Amino acid sequence: AQIWSAALMLNHLGREDLGELIIKAIEDVLVKKEVRTPDLGGQSTTSEMGSAICEAVRQLVKEG
């Protein structure tokens, strides 16, 4: 939720491109179902979820 709120803030500040990138990364991680926190039915930590989303952002940036 904190990462999602950062995406919303970026949208509000006129950086929809970055906001959309973050949302896409969140979606990619959730679709893979490899990393999930207990509230989403998994066993990963919040830190692991954050790291997975950061890696997804890196991958999306590489792909252009």
# chains A, B, ... in the order shown; residues from 1 in each chain; ligands from 1
call {"tool": "residues_around", "arguments": {"residues": "Arg58 of chain A", "least_positions_apart": "4", "cutoff": "12 Å", "atoms": "only C-alpha atoms", "output": "list in words"}}
result
Leu21, Ile22, Lys24, Ala25, Ser51, Ala52, Ile53, Cys54, Lys62, Glu63 and Gly64 of chain A
call {"tool": "select_by_dssp", "arguments": {"residues": "chain A", "states": "alpha helix (DSSP H)", "output": "ChimeraX atom specification"}}
result
/A:2-12,16-32,46-63
call {"tool": "closest_residue", "arguments": {"among": "A:Val35, A:Ile23, A:Met49, A:Ala56", "to": "Met9 of chain A", "atoms": "only C-alpha atoms"}}
result
A:Ile23
call {"tool": "residues_around", "arguments": {"residues": "Leu18 of chain A", "least_positions_apart": "2", "cutoff": "12 Å", "atoms": "only C-alpha atoms", "output": "list in words"}}
result
Ile3, Trp4, Ala6, Ala7, Leu8, Met9, Leu10, Asn11, His12, Leu13, Gly14, Arg15, Glu16, Glu20, Leu21, Ile22, Ile23, Lys24, Ala25, Val57, Leu60 and Val61 of chain A
call {"tool": "atom_distance", "arguments": {"atom1": "atom CA of Ser47 of chain A", "atom2": "atom CA of Asp17 of chain A"}}
result
24.7 Å
